[in-house]
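Chemist: Got a structure for you, written out below as structure tokens; questions coming shortly.
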Amino acid sequence: MLTASVLIDISSEPDDLSEPRDRRRLYVLEGIPDGARVIIHVGTRQHPSPDAVRWLHAHSERLHIELIGATGPIV
């Protein structure tokens, strides 16, 4: 059995919630094979942008998506 995990970092807060930066980072979800584990690092952000949430929801049926955060900077 072959498994895959992908880490995507969206921890930097966008300047404007309408900015598509999260979408550009999450666009790779399109090419990730079904059943893969995807770890989304949100860092100290309060929440992903609405755009990121839409992308994650669109792929949540075929990917194992996990959001991880941090209470401070990752060293």
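In the structure tokens, each chain is lettered A, B, ... as it comes, each chain's residues begin at 1, and ligands are numbered from 1 in order of appearance.
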Where in segment 9-74 of chain A does DSSP assign helix (DSSP H, G or I), given as a PyMOL selection string?
Modeler: chain A and resi 21-31+50-59
Chemist: Which residue, A:Ile65, A:Val53, A:Thr3, A:Arg21, has the smallest gap to Ile40 of chain A when you use only C-alpha atoms?
Modeler: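 Answer, going by the shortest atom-to-atom distance: A:Ile65.
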Chemist: So that I can check the surroundings of Gly69 of chain A, please list as a list in words every protein, DNA and RNA residue that reaches within 12 Å of it, counting only C-alpha atoms and ignoring chain neighbours fewer than 2 positions away.
Modeler: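 Using only C-alpha atoms, the neighbours found are Asp9, Ile10, Ser11, Ser12, Ile39, Ile40, His41, Val42, Gly43, Thr44, Arg45, Gln46, His47, Pro48, Glu66, Leu67, Thr71, Gly72, Pro73 and Ile74 of chain A.
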Chemist: Just write the chosen residues, N, CA and C atoms, as a CSV table (one decimal), in the first residue's frame.
Modeler:
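The resulting file, part.csv, is shown below:
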chain,number,residue,atom,x,y,z
A,9,ASP,N,1.0,25.2,3.5
A,9,ASP,CA,1.1,26.2,4.5
A,9,ASP,C,0.3,27.5,4.1
A,10,ILE,N,-0.7,27.8,4.8
A,10,ILE,CA,-1.5,29.0,4.5
A,10,ILE,C,-1.4,29.9,5.8
A,11,SER,N,-0.4,29.8,6.6
A,11,SER,CA,-0.3,30.4,7.9
A,11,SER,C,-0.2,31.9,7.8
A,12,SER,N,0.3,32.5,6.7
A,12,SER,CA,0.4,34.0,6.7
A,12,SER,C,-1.0,34.6,6.4
A,39,ILE,N,-2.6,18.0,5.0
A,39,ILE,CA,-2.4,18.8,6.3
A,39,ILE,C,-2.3,20.3,5.9
A,40,ILE,N,-3.3,21.1,6.4
A,40,ILE,CA,-3.3,22.5,6.1
A,40,ILE,C,-2.8,23.2,7.4
A,41,HIS,N,-1.6,23.9,7.3
A,41,HIS,CA,-1.1,24.6,8.4
A,41,HIS,C,-1.6,26.0,8.4
A,42,VAL,N,-2.5,26.4,9.3
A,42,VAL,CA,-3.0,27.7,9.4
A,42,VAL,C,-2.3,28.6,10.4
A,43,GLY,N,-1.3,28.0,11.1
A,43,GLY,CA,-0.5,28.8,12.0
A,43,GLY,C,-1.3,29.5,13.1
A,44,THR,N,-1.1,30.8,13.3
A,44,THR,CA,-1.8,31.5,14.4
A,44,THR,C,-3.0,32.3,13.8
A,45,ARG,N,-3.4,32.0,12.6
A,45,ARG,CA,-4.6,32.7,12.0
A,45,ARG,C,-5.8,32.3,12.8
A,46,GLN,N,-6.8,33.1,12.9
A,46,GLN,CA,-8.0,32.8,13.6
A,46,GLN,C,-8.8,31.7,12.8
A,47,HIS,N,-8.7,31.8,11.5
A,47,HIS,CA,-9.4,30.9,10.6
A,47,HIS,C,-8.9,31.0,9.2
A,48,PRO,N,-9.1,30.0,8.4
A,48,PRO,CA,-8.8,30.2,6.9
A,48,PRO,C,-9.7,31.2,6.3
A,66,GLU,N,-6.8,17.8,7.2
A,66,GLU,CA,-6.6,18.1,8.6
A,66,GLU,C,-6.0,19.5,8.7
A,67,LEU,N,-6.7,20.3,9.6
A,67,LEU,CA,-6.2,21.7,9.8
A,67,LEU,C,-5.4,21.7,11.1
A,71,THR,N,0.2,28.1,18.5
A,71,THR,CA,0.0,29.2,19.4
A,71,THR,C,1.0,30.3,19.3
A,72,GLY,N,2.1,30.0,18.5
A,72,GLY,CA,3.2,31.0,18.3
A,72,GLY,C,3.9,30.6,17.1
A,73,PRO,N,5.0,31.2,16.8
A,73,PRO,CA,5.8,30.9,15.6
A,73,PRO,C,6.3,29.5,15.7
A,74,ILE,N,6.4,28.8,14.5
A,74,ILE,CA,7.0,27.5,14.4
A,74,ILE,C,8.5,27.8,14.2
Chemist: May I ask which of the residues A:Leu26, A:Leu63, A:Pro50, A:Trp55 is the closest one to Ile8 of chain A, counting only C-alpha atoms?
Modeler: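 Residue with the minimum atom-to-atom distance to Ile8 of chain A: A:Leu26.
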